[in-house]
Every structure is written in C-alpha cells, then in structure tokens.
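**Q** Below is the file work-v6.txt, which contains compact mmCIF, C-alpha atoms and all ligand atoms.
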```txt
# COMPACT_ATOMS: atom_id res chain seq x y z
CA MET A 54 22.45 16.71 27.32
CA ASN A 55 21.68 13.31 25.77
CA MET A 56 20.09 13.64 22.33
CA ALA A 57 17.57 11.03 21.15
CA PRO A 58 19.27 8.78 18.61
CA ILE A 59 18.45 9.26 14.95
CA LEU A 60 16.26 6.38 13.85
CA LEU A 61 17.57 4.53 10.84
CA LYS A 62 14.96 3.06 8.40
CA ASN A 63 13.21 6.39 8.97
CA GLN A 64 15.42 8.37 6.60
CA THR A 65 16.41 8.49 2.99
CA ALA A 66 20.18 8.46 2.41
CA GLU A 67 19.96 12.19 1.70
CA SER A 68 18.16 13.05 4.93
CA LEU A 69 20.47 10.72 6.85
CA HIS A 70 23.43 12.60 5.47
CA ALA A 71 21.86 15.93 6.46
CA ALA A 72 21.18 14.63 9.98
CA LEU A 73 24.67 13.21 10.49
CA ALA A 74 26.79 15.71 8.58
CA GLY A 75 27.85 17.27 11.90
CA ASP A 76 29.37 13.90 12.86
CA GLY A 77 31.45 13.92 9.71
CA VAL A 78 29.19 11.58 7.72
CA THR A 79 29.67 12.10 3.99
CA PRO A 80 26.99 11.35 1.35
CA ARG A 81 28.87 8.14 0.43
CA MET A 82 28.98 7.03 4.05
CA ALA A 83 25.27 7.76 4.47
CA ARG A 84 24.51 5.56 1.45
CA LEU A 85 26.68 2.80 2.86
CA ILE A 86 24.91 2.92 6.22
CA GLN A 87 21.55 2.96 4.45
CA THR A 88 22.37 -0.11 2.35
CA SER A 89 23.60 -2.09 5.34
CA VAL A 90 20.64 -1.19 7.54
CA ILE A 91 17.90 -1.63 4.93
CA ARG A 92 19.28 -4.80 3.35
CA HIS A 93 20.91 -6.50 6.35
CA ASN A 94 19.23 -4.84 9.33
CA ALA A 95 22.70 -4.09 10.74
CA PHE A 96 25.06 -1.15 11.00
CA PRO A 97 28.10 -1.59 8.72
CA GLN A 98 31.19 -2.94 10.45
CA ALA A 99 33.78 -1.46 8.15
CA ALA A 100 34.08 -0.01 4.68
CA PRO A 101 37.00 0.76 2.37
CA GLY A 102 38.02 4.40 2.58
CA ILE A 103 35.95 5.12 5.70
CA SER A 104 37.64 5.38 9.07
CA ALA A 105 36.48 3.06 11.83
CA ARG A 106 36.30 6.10 14.12
CA ALA A 107 33.88 7.95 11.82
CA LEU A 108 31.67 4.87 11.58
CA GLU A 109 31.69 4.42 15.34
CA LYS A 110 30.68 8.05 15.84
CA ALA A 111 27.76 7.63 13.44
CA ARG A 112 26.74 4.39 15.11
CA ALA A 113 26.66 6.11 18.52
CA SER A 114 24.27 8.79 17.18
CA THR A 115 21.80 6.35 15.66
CA ALA A 116 19.57 3.40 16.48
CA ILE A 117 18.04 0.65 14.35
CA PRO A 118 14.40 0.25 15.35
CA ASP A 119 12.78 -3.15 14.94
CA LEU A 120 9.22 -4.33 14.59
CA GLU A 121 8.12 -7.22 16.76
CA LEU A 122 6.61 -10.10 14.81
CA VAL A 123 3.51 -11.15 16.72
CA GLU A 124 2.12 -13.77 14.38
CA LYS A 125 2.68 -15.24 10.95
CA THR A 126 0.23 -17.38 9.02
CA VAL A 127 0.80 -18.93 5.62
CA SER A 128 -2.03 -20.02 3.37
CA PRO A 129 -1.54 -23.64 2.27
CA ARG A 130 -3.81 -22.82 -0.64
CA ASP A 131 -1.87 -20.04 -2.37
CA GLY A 132 1.22 -19.26 -0.27
CA PHE A 133 0.01 -15.82 0.83
CA ALA A 134 1.81 -15.08 4.10
CA LYS A 135 0.18 -12.74 6.55
CA TYR A 136 2.28 -11.06 9.23
CA LEU A 137 1.04 -9.29 12.32
CA PHE A 138 3.55 -6.78 13.67
CA ARG A 139 3.75 -4.58 16.69
CA GLY A 140 5.55 -1.25 16.49
CA GLU A 141 6.87 1.31 18.90
CA LEU A 142 3.56 2.18 20.53
CA GLY A 143 2.01 -1.25 20.89
CA ASP A 144 -0.79 -1.29 18.29
CA ALA A 145 -0.70 -4.29 15.99
CA PHE A 146 -0.83 -3.94 12.22
CA GLU A 147 -0.49 -6.26 9.27
CA ALA A 148 1.42 -6.89 6.10
CA VAL A 149 1.02 -9.62 3.50
CA GLY A 150 3.65 -11.31 1.35
CA ILE A 151 2.06 -12.22 -1.96
CA PRO A 152 4.04 -14.75 -4.01
CA ILE A 153 3.86 -14.28 -7.76
CA LEU A 154 4.70 -17.68 -9.17
CA HIS A 155 2.98 -17.79 -12.53
CA ARG A 156 6.25 -17.67 -14.46
CA ALA A 157 8.87 -20.25 -13.47
CA HIS A 158 11.77 -17.93 -14.34
CA ASP A 159 10.22 -14.92 -12.62
CA ARG A 160 9.23 -15.90 -9.11
CA LYS A 161 8.85 -12.88 -6.90
CA LEU A 162 7.11 -11.39 -3.93
CA ILE A 163 4.81 -8.39 -3.73
CA VAL A 164 4.47 -6.97 -0.24
CA CYS A 165 1.24 -5.30 0.84
CA VAL A 166 2.00 -2.90 3.71
CA SER A 167 -0.05 -1.00 6.26
CA SER A 168 0.32 2.76 6.65
CA GLN A 169 -1.80 3.19 9.77
CA ALA A 170 -2.79 1.05 12.73
CA GLY A 171 -6.54 0.79 12.17
CA CYS A 172 -8.34 3.23 9.90
CA GLY A 173 -10.84 6.00 10.49
CA LEU A 174 -12.57 5.96 7.12
CA GLY A 175 -15.21 3.40 8.04
CA CYS A 176 -15.71 1.52 4.75
CA ALA A 177 -18.68 -0.78 5.33
CA PHE A 178 -17.02 -3.87 3.85
CA CYS A 179 -13.65 -3.61 5.62
CA ALA A 180 -12.39 -5.38 8.73
CA THR A 181 -9.87 -2.62 9.51
CA ALA A 182 -12.69 -0.11 9.73
CA ARG A 183 -14.00 -1.95 12.78
CA LEU A 184 -10.77 -1.22 14.63
CA GLY A 185 -11.21 2.50 14.14
CA PHE A 186 -8.21 4.78 13.77
CA ARG A 187 -5.43 4.02 16.25
CA ARG A 188 -2.47 5.98 14.89
CA ASN A 189 -0.26 6.78 11.93
CA LEU A 190 2.74 4.51 11.48
CA ALA A 191 6.22 6.03 11.37
CA ALA A 192 8.15 5.67 8.11
CA TRP A 193 10.42 3.08 9.73
CA GLU A 194 7.41 1.02 10.83
CA ILE A 195 6.25 0.92 7.20
CA MET A 196 9.76 0.18 5.94
CA ASP A 197 10.41 -2.54 8.46
CA GLN A 198 7.36 -4.52 7.31
CA VAL A 199 9.20 -4.97 4.02
CA VAL A 200 12.60 -5.57 5.64
CA LYS A 201 11.17 -8.32 7.85
CA ILE A 202 9.18 -10.03 5.12
CA ARG A 203 12.10 -9.92 2.73
CA ALA A 204 14.35 -11.57 5.37
CA ASP A 205 11.69 -14.25 5.89
CA SER A 206 11.15 -15.13 2.23
CA ASP A 207 13.08 -17.04 -0.41
CA LEU A 208 11.64 -14.81 -3.10
CA PRO A 209 12.96 -11.37 -4.06
CA VAL A 210 10.67 -8.44 -3.28
CA ARG A 211 9.78 -6.79 -6.58
CA GLY A 212 6.79 -4.64 -5.71
CA ILE A 213 5.07 -2.86 -2.86
CA VAL A 214 1.40 -2.01 -2.54
CA PHE A 215 0.17 0.39 0.11
CA MET A 216 -3.15 -1.42 0.42
CA GLY A 217 -2.95 -2.85 3.93
CA MET A 218 -4.46 -1.20 6.97
CA GLY A 219 -5.06 2.51 6.83
CA GLU A 220 -5.42 5.34 4.33
CA PRO A 221 -1.95 6.18 2.94
CA MET A 222 -2.88 9.72 1.91
CA LEU A 223 -3.73 10.52 5.55
CA ASN A 224 -0.18 9.59 6.57
CA TYR A 225 1.33 11.20 3.52
CA ASP A 226 4.78 12.23 4.74
CA ALA A 227 5.66 8.90 6.33
CA VAL A 228 4.31 6.97 3.32
CA MET A 229 6.32 9.04 0.86
CA THR A 230 9.46 8.74 2.98
CA ALA A 231 9.02 4.96 3.14
CA ALA A 232 8.38 4.78 -0.61
CA ALA A 233 11.50 6.88 -1.27
CA ILE A 234 13.65 4.56 0.87
CA LEU A 235 12.14 1.51 -0.83
CA SER A 236 12.98 2.86 -4.26
CA GLU A 237 16.37 4.50 -3.74
CA PRO A 238 19.26 2.46 -5.17
CA CYS A 239 21.02 2.19 -1.80
CA GLY A 240 17.75 1.20 -0.11
CA MET A 241 15.58 -1.61 -1.44
CA ALA A 242 16.10 -0.46 -5.05
CA ILE A 243 12.53 -1.30 -6.00
CA ASN A 244 11.45 0.36 -9.24
CA ALA A 245 9.20 3.33 -8.41
CA LYS A 246 6.72 2.05 -11.00
CA SER A 247 6.37 -1.11 -8.93
CA ILE A 248 5.31 0.83 -5.85
CA THR A 249 1.59 1.48 -5.66
CA ILE A 250 -0.06 4.05 -3.42
CA SER A 251 -3.77 3.52 -2.91
CA THR A 252 -6.39 5.90 -1.61
CA ALA A 253 -10.06 5.71 -0.78
CA GLY A 254 -10.34 9.13 -2.43
CA ILE A 255 -8.57 11.70 -0.26
CA VAL A 256 -8.59 14.53 -2.80
CA PRO A 257 -5.94 16.78 -1.19
CA GLY A 258 -3.63 13.75 -1.10
CA ILE A 259 -4.18 13.01 -4.81
CA ARG A 260 -3.57 16.67 -5.61
CA ARG A 261 -0.37 16.82 -3.56
CA PHE A 262 0.81 13.55 -5.11
CA THR A 263 0.26 15.15 -8.54
CA ALA A 264 1.89 18.48 -7.63
CA GLU A 265 4.95 16.65 -6.32
CA ARG A 266 5.05 14.55 -9.50
CA ARG A 267 5.42 11.31 -7.60
CA ARG A 268 6.46 8.46 -9.87
CA TYR A 269 4.61 5.72 -7.99
CA GLN A 270 1.44 4.12 -9.31
CA LEU A 271 -1.83 5.58 -8.06
CA ILE A 272 -4.90 3.49 -7.26
CA VAL A 273 -8.16 5.12 -6.30
CA SER A 274 -10.69 2.88 -4.62
CA LEU A 275 -13.99 4.02 -6.09
CA THR A 276 -16.12 0.84 -5.83
CA THR A 277 -19.24 2.52 -7.19
CA ALA A 278 -19.95 5.47 -9.45
CA ASP A 279 -23.22 6.19 -7.67
CA PRO A 280 -22.51 8.82 -4.97
CA GLN A 281 -25.54 7.75 -2.92
CA VAL A 282 -24.41 4.13 -2.80
CA ARG A 283 -20.85 5.29 -2.15
CA ARG A 284 -21.91 7.32 0.88
CA ASP A 285 -23.24 4.11 2.41
CA LEU A 286 -20.28 1.92 1.45
CA MET A 287 -17.49 4.47 1.83
CA PRO A 288 -18.43 7.35 4.13
CA VAL A 289 -15.34 9.28 2.95
CA GLU A 290 -17.66 10.29 0.08
CA LYS A 291 -19.20 12.82 2.49
CA LEU A 292 -15.83 14.59 2.71
CA HIS A 293 -14.56 14.10 -0.82
CA SER A 294 -17.24 13.63 -3.44
CA THR A 295 -16.95 11.29 -6.40
CA ALA A 296 -17.02 14.34 -8.69
CA ASP A 297 -14.07 15.91 -6.85
CA ILE A 298 -12.14 12.62 -6.92
CA ILE A 299 -12.62 12.28 -10.67
CA ALA A 300 -11.60 15.92 -11.18
CA ALA A 301 -8.38 15.26 -9.22
CA MET A 302 -7.76 12.13 -11.31
CA ARG A 303 -8.23 14.13 -14.51
CA ASP A 304 -5.64 16.65 -13.32
CA TYR A 305 -3.32 13.79 -12.36
CA HIS A 306 -3.60 12.34 -15.84
CA ALA A 307 -3.11 15.73 -17.49
CA ALA A 308 0.00 16.48 -15.42
CA MET A 309 1.61 13.05 -15.42
CA ARG A 310 0.31 11.55 -18.69
CA ARG A 311 -0.36 8.42 -16.70
CA ARG A 312 -3.46 6.35 -16.12
CA ALA A 313 -4.53 6.01 -12.51
CA THR A 314 -6.19 2.73 -11.61
CA ILE A 315 -9.72 2.54 -10.30
CA ALA A 316 -10.13 -0.22 -7.71
CA TRP A 317 -13.58 -1.76 -7.62
CA THR A 318 -14.38 -3.95 -4.64
CA MET A 319 -17.03 -6.20 -6.15
CA ILE A 320 -20.14 -6.74 -4.04
CA SER A 321 -22.75 -9.08 -5.42
CA GLY A 322 -25.95 -7.33 -6.42
CA VAL A 323 -24.61 -3.89 -5.45
CA ASN A 324 -21.95 -2.76 -7.92
CA THR A 325 -21.64 -5.60 -10.41
CA THR A 326 -24.63 -4.80 -12.62
CA GLU A 327 -24.92 -3.53 -16.19
CA ARG A 328 -26.11 -0.24 -14.73
CA ALA A 329 -23.04 0.02 -12.48
CA ALA A 330 -20.81 -0.45 -15.54
CA ARG A 331 -22.69 2.22 -17.49
CA GLU A 332 -22.48 4.68 -14.60
CA LEU A 333 -18.75 4.19 -14.35
CA ALA A 334 -18.37 4.65 -18.11
CA GLU A 335 -20.26 7.92 -17.87
CA LEU A 336 -18.09 9.11 -14.98
CA VAL A 337 -14.74 8.39 -16.63
CA ARG A 338 -15.71 9.43 -20.13
CA ASP A 339 -12.52 10.69 -21.87
CA LEU A 340 -10.40 9.89 -18.80
CA PRO A 341 -7.92 7.09 -19.49
CA VAL A 342 -7.93 4.71 -16.51
CA LYS A 343 -7.27 1.10 -15.66
CA ILE A 344 -9.78 -0.92 -13.68
CA ASP A 345 -8.92 -3.49 -11.03
CA LEU A 346 -11.71 -5.78 -9.89
CA ILE A 347 -11.30 -7.17 -6.38
CA ASP A 348 -13.60 -9.58 -4.58
CA VAL A 349 -15.11 -8.20 -1.41
CA ASN A 350 -13.94 -10.08 1.67
CA ASP A 351 -16.34 -8.96 4.36
CA PRO A 352 -15.88 -10.55 7.78
CA SER A 353 -19.39 -9.57 8.85
CA GLY A 354 -20.96 -11.69 6.11
CA ARG A 355 -23.13 -8.76 5.00
CA PHE A 356 -21.51 -8.42 1.59
CA HIS A 357 -20.67 -11.24 -0.79
CA PRO A 358 -18.43 -11.45 -3.85
CA PRO A 359 -20.16 -12.02 -7.18
CA SER A 360 -20.69 -15.50 -8.57
CA ARG A 361 -18.57 -16.47 -11.56
CA ASP A 362 -21.45 -15.70 -13.96
CA GLU A 363 -22.11 -12.35 -12.33
CA LEU A 364 -18.41 -11.45 -12.50
CA ASN A 365 -18.14 -12.44 -16.16
CA ALA A 366 -21.24 -10.47 -17.09
CA PHE A 367 -19.93 -7.40 -15.25
CA ARG A 368 -16.52 -7.66 -16.85
CA ASP A 369 -18.13 -7.96 -20.27
CA ALA A 370 -20.31 -4.93 -19.54
CA LEU A 371 -17.26 -2.89 -18.51
CA ARG A 372 -15.46 -3.86 -21.69
CA ARG A 373 -18.47 -2.91 -23.78
CA HIS A 374 -18.84 0.51 -22.17
CA ILE A 375 -15.29 1.58 -21.31
CA ARG A 376 -12.10 1.43 -23.34
CA ALA A 377 -9.84 0.59 -20.41
CA PRO A 378 -7.82 -2.42 -19.32
CA VAL A 379 -9.90 -4.44 -16.85
CA VAL A 380 -8.00 -6.82 -14.60
CA ARG A 381 -9.41 -9.07 -11.94
CA ARG A 382 -7.02 -9.06 -8.99
CA TYR A 383 -6.83 -12.31 -7.15
CA SER A 384 -7.52 -11.57 -3.50
CA GLY A 385 -5.96 -14.70 -2.10
CA GLY A 386 -5.32 -15.85 1.40
CA ALA A 387 -9.00 -15.91 2.35
CA ASP A 388 -8.30 -19.01 4.43
CA ILE A 389 -5.80 -17.07 6.58
CA HIS A 390 -7.82 -13.86 6.88
CA ALA A 391 -5.52 -12.06 4.46
CA ALA A 392 -8.03 -9.31 3.73
CA CYS A 393 -6.83 -6.08 5.26
CA GLY A 394 -7.47 -5.78 8.97
CA MET A 395 -8.79 -9.26 9.61
CA LEU A 396 -5.79 -10.63 11.49
CA ALA A 397 -5.49 -7.52 13.67
CA LEU A 398 -9.21 -7.71 14.35
CA HIS A 399 -8.81 -11.30 15.46
CA ALA A 400 -5.82 -10.29 17.60
CA SER A 401 -7.78 -7.56 19.36
CA ASN A 402 -10.95 -9.70 19.65
CA PRO A 403 -9.73 -13.27 19.96
CA PRO A 404 -12.48 -15.81 19.31
CA GLY A 405 -13.81 -16.99 22.69
S1 LIG B 1 -10.93 -0.16 2.93
FE1 LIG B 1 -9.02 0.99 3.32
S2 LIG B 1 -9.79 3.12 3.55
FE2 LIG B 1 -11.58 1.80 3.82
S3 LIG B 1 -11.71 1.46 6.05
FE3 LIG B 1 -10.50 -0.25 5.15
S4 LIG B 1 -8.38 0.40 5.38
FE4 LIG B 1 -9.65 2.24 5.60
```
Could you spell out this file's structure in structure tokens?
**A**
Amino acid sequence: MNMAPILLKNQTAESLHAALAGDGVTPRMARLIQTSVIRHNAFPQAAPGISARALEKARASTAIPDLELVEKTVSPRDGFAKYLFRGELGDAFEAVGIPILHRAHDRKLIVCVSSQAGCGLGCAFCATARLGFRRNLAAWEIMDQVVKIRADSDLPVRGIVFMGMGEPMLNYDAVMTAAAILSEPCGMAINAKSITISTAGIVPGIRRFTAERRRYQLIVSLTTADPQVRRDLMPVEKLHSTADIIAAMRDYHAAMRRRATIAWTMISGVNTTERAARELAELVRDLPVKIDLIDVNDPSGRFHPPSRDELNAFRDALRRHIRAPVVRRYSGGADIHAACGMLALHASNPPG
C-alpha cells in the first residue's frame, strides 16, 4: 500500500523525527532535513556522518510542498511588497513583506502572514471579511509564505506578524506549528518574541495560548471599548464579549507577566474621540497593556482614518488617561492594496 508522503514545512524537527523514526531518521538527521528544507527549499544532498542510503530513504517518504506565487506588487512609495499565493486547494491568500529601513545598520524585513483563506468574522472595515471564510491554511502554507518572501528579498526576515487574512486563533494548531517551525533554531530561527499572534478576541484561543505559556507576542484587536459599537464593527463581540476578552487578557498578564497589545483600528469620528479614550482607560484600569494605533483602510469607503489633528488629539487623550505605551503603526502600502484581503478581493473580483 502506498502511503501519502509526509509533508515537510508542516512539521517541527521533533515531529519530523517522530514521523520518520521508523525509517531510521535520528533527531540530528531530522534537524538537518528541517534546516535544508526551511532555509533552502531543498532536501539535503549529503551530510557528514549520515549515510546516503538513510537520506534517500527519508527523501522517498517525504515531499516538499510549494505555494504558487500568483502575483507580486511592490509599493514604490514605501517598499511594502504584497504577495498573492495559491495553496494546495486553490484559494488565494496574501502575505506582505514590510521593510524596516529606519536604521542604516539594521535593515530587516517583517513578514505579515495569512492564517486562513478569507475570514468568517465579518469585521465591517475589512476587505477579507467580504470574501467570507474559505478554509484554514495548513501549517506548511503559512510557513511557505515566509520561505518564499525570504527567498525573494535582500533583507533578512527578523519578525513575523499573524495579521494577514484570517483569525489565527481559529486555526490554532496550524498557526502554533508554523510559529514553532519559524522560531526553532534549525528552522527560521526567528526569536519567539519577534513573532506576533493577533486575534479579534477569540477568548478560548487567548486562554489556550495562556495555558500553553506560548512565548509569542499577543495582540488583541479591540478597536473600541464600547460593546454596542463593537457589535457593529466586529460582530465577533456577539460571541466573545469585551468583558470576557479583558478578563482573558488579565489572566494572560497574571500568568505570563507580559503586557498584551491592544490594536485599535482608528476610524474617524467613531473611536478616536476623548470619550473613546476614557472608555478604554476605564476598561483596562490596572491592566498593563500596550496600545497600537492603526489607520483604517476600508475598501468600501465607508470608514476613514482620522486627520492628523484628530489622531494627535486622540493620542494625547490616551496618554492622559492610560499609563501605557501608545504606538502608531504605519499601515503602508495603501497604493498597492496592502491592507489585509484587498489583493485577494481584487483577484476574485477583478475590476471590469
Ligand atoms: S479584521 Fe481580521 S478578524 Fe476581522 S474580518 Fe478581517 S481578517 Fe477577519
């Protein structure tokens, strides 16, 4: 009976060893295969101290899956590079290479990856929401976004953010496997602290992440502290209330002694007021957090980012009311539809 090959890029070195131990693969050999596949997208040819026969046997039991690059667009304005990939089942999904160039001696790339094709959470300001949920990506499909972008860039990949298409906590196992491969020394060797898992507020996911003591950064997209407004903007509020999300974040902080980050997608006139800042302060009283401010990038034109004055006033209000680091994240690449889901939306609905 022919067995399906074991997919590489879908395994940590440890699980690869467990899967191939019957073929005589040792832990050292598994690490060697992992390094070659993750860093060079190729099975190792030879290695000191490992017989060619053993390698050949392992090669015959495995396969290296590959994403198809459908489209790549680079912003002439800020160098953001958006990639549209197609995986094993045909649905397209996106990743973005974000160059960090502000220090001449420390030029690097952050890669924003998708965890699902489409998304079922229906946030009102998000292009991906319009695609609906298509499917969860396999760990290798998440991994390979990074492998492909790394091979395409002159800059070293130093960080990963799970903030592309999809809700990572609803594809938890594949996301955590991909993150483990990205961080293990024989994989991409990216510092776990430079890997960020975001969630729109899936409370069981936050709780599992805490119970498993995951070392990655956690970002919770809150966007408003008013549950009524949140129900309209982020319907996930109907499943997991703001109060439950904050309770899970408190437990995360208590267990990990780490601040989670609150992501705030700024929408002019909606969540950038003095009142919005006060409501957030009330909600996170005594809970150490960080706050990331992100401009809304709404393809429908319904929501607009704040003006410079509005942004400054909101930032000042946050600093007055909350003792937390407040950072405005540059959401670049607007000229190439770099906001999550926009390229895939264009691909599935090409302009006529
Ligand atoms: S913002 Fe994130 S969670 Fe909300 S619909 Fe878009 S991809 Fe899904």
**Q** Kindly give the distance, in Å, that separates CA of Ile117 in chain A and CA of Leu60 in chain A, rounded to a single decimal.
**A**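 Straight-line distance from CA of Ile117 in chain A to CA of Leu60 in chain A works out to 6.0 Å.
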**Q** Measuring between only C-alpha atoms and all ligand atoms, which one of A:Leu162, A:Ala107, A:Leu174, A:Ala301 shows the shortest distance to ligand LIG 1 (chain B)?
**A**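 Comparing A:Leu162, A:Ala107, A:Leu174, A:Ala301 against ligand LIG 1 (chain B), the winner is A:Leu174.
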**Q** Quick one: residues within 8 Å of (4.8, -7.9, 15.5) (file frame), counting only C-alpha atoms, please, as a ChimeraX atom specification.
**A** /A:120-124,136-140,145-146
**Q** Using all atoms listed in the file, which residues have at least one atom no more than 6 Å from ligand LIG 1 (chain B)? Output them as a list in words.
**A**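 Counting only what the definition allows, namely all atoms listed in the file, the set is Cys172, Leu174, Gly175, Cys176, Cys179, Thr181, Ala182, Met218, Gly219, Glu220 and Ala253 of chain A.
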**Q** What's the separation between CA of Val380 in chain A and CA of Glu147 in chain A, in Å to one decimal place?
**A** 25.0 Å
**Q** If we count all atoms listed in the file and set the cut-off at 10 Å, which residues sit around range 225-231 of chain A, ignoring sequence neighbours fewer than 5 positions away in its own chain? Please answer as a list of chain:residue names.
**A**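 Skipping anything fewer than 5 positions along the chain leaves A:Lys62, A:Asn63, A:Gln64, A:Thr65, A:Ser68, A:Ser167, A:Ser168, A:Gln169, A:Asn189, A:Leu190, A:Ala191, A:Ala192, A:Trp193, A:Glu194, A:Ile195, A:Met196, A:Asp197, A:Val199, A:Phe215, A:Glu220, A:Ser236, A:Ile250, A:Gly258, A:Arg261, A:Phe262, A:Arg267, A:Tyr269.
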**Q** With a distance cut-off of 12 Å and only C-alpha atoms, select the neighbouring residues of range 82-97 of chain A, excluding the residue or stretch itself and same-chain residues fewer than 4 positions from it, and output the selection as a tab-separated table (two decimals) with C-alpha atoms, in the frame of the given file.
**A**
```tsv
chain	number	residue	atom	x	y	z
A	60	LEU	CA	16.26	6.38	13.85
A	61	LEU	CA	17.57	4.53	10.84
A	62	LYS	CA	14.96	3.06	8.40
A	63	ASN	CA	13.21	6.39	8.97
A	64	GLN	CA	15.42	8.37	6.60
A	65	THR	CA	16.41	8.49	2.99
A	66	ALA	CA	20.18	8.46	2.41
A	67	GLU	CA	19.96	12.19	1.70
A	68	SER	CA	18.16	13.05	4.93
A	69	LEU	CA	20.47	10.72	6.85
A	70	HIS	CA	23.43	12.60	5.47
A	71	ALA	CA	21.86	15.93	6.46
A	72	ALA	CA	21.18	14.63	9.98
A	73	LEU	CA	24.67	13.21	10.49
A	74	ALA	CA	26.79	15.71	8.58
A	76	ASP	CA	29.37	13.90	12.86
A	77	GLY	CA	31.45	13.92	9.71
A	78	VAL	CA	29.19	11.58	7.72
A	101	PRO	CA	37.00	0.76	2.37
A	102	GLY	CA	38.02	4.40	2.58
A	103	ILE	CA	35.95	5.12	5.70
A	104	SER	CA	37.64	5.38	9.07
A	105	ALA	CA	36.48	3.06	11.83
A	107	ALA	CA	33.88	7.95	11.82
A	108	LEU	CA	31.67	4.87	11.58
A	109	GLU	CA	31.69	4.42	15.34
A	110	LYS	CA	30.68	8.05	15.84
A	111	ALA	CA	27.76	7.63	13.44
A	112	ARG	CA	26.74	4.39	15.11
A	113	ALA	CA	26.66	6.11	18.52
A	114	SER	CA	24.27	8.79	17.18
A	115	THR	CA	21.80	6.35	15.66
A	116	ALA	CA	19.57	3.40	16.48
A	117	ILE	CA	18.04	0.65	14.35
A	118	PRO	CA	14.40	0.25	15.35
A	119	ASP	CA	12.78	-3.15	14.94
A	120	LEU	CA	9.22	-4.33	14.59
A	193	TRP	CA	10.42	3.08	9.73
A	196	MET	CA	9.76	0.18	5.94
A	197	ASP	CA	10.41	-2.54	8.46
A	198	GLN	CA	7.36	-4.52	7.31
A	199	VAL	CA	9.20	-4.97	4.02
A	200	VAL	CA	12.60	-5.57	5.64
A	201	LYS	CA	11.17	-8.32	7.85
A	202	ILE	CA	9.18	-10.03	5.12
A	203	ARG	CA	12.10	-9.92	2.73
A	204	ALA	CA	14.35	-11.57	5.37
A	209	PRO	CA	12.96	-11.37	-4.06
A	210	VAL	CA	10.67	-8.44	-3.28
A	231	ALA	CA	9.02	4.96	3.14
A	234	ILE	CA	13.65	4.56	0.87
A	235	LEU	CA	12.14	1.51	-0.83
A	236	SER	CA	12.98	2.86	-4.26
A	237	GLU	CA	16.37	4.50	-3.74
A	238	PRO	CA	19.26	2.46	-5.17
A	239	CYS	CA	21.02	2.19	-1.80
A	240	GLY	CA	17.75	1.20	-0.11
A	241	MET	CA	15.58	-1.61	-1.44
A	242	ALA	CA	16.10	-0.46	-5.05
```
**Q** Kindly indicate which residue among A:Ser321, A:His374, A:Leu346, A:Val166 lies nearest to Pro359 in chain A, using all atoms listed in the file for the distances.
**A**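 Among the listed residues, the smallest separation from Pro359 in chain A belongs to A:Ser321.
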**Q** Identify which of the residues A:Asp279, A:Glu327, A:Asp285, A:Asp297 lies closest to Ala366 in chain A, counting all atoms listed in the file when measuring atom-to-atom distances.
**A**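 Closest residue, counting all atoms listed in the file: A:Glu327.
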**Q** Counting only C-alpha atoms, what is within 10 Å of Ala300 in chain A, bar same-chain residues fewer than 6 positions away, as a list in words?
**A**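 Selected residues are Val256, Arg260, Ser294, His306, Val337 and Leu340 of chain A.
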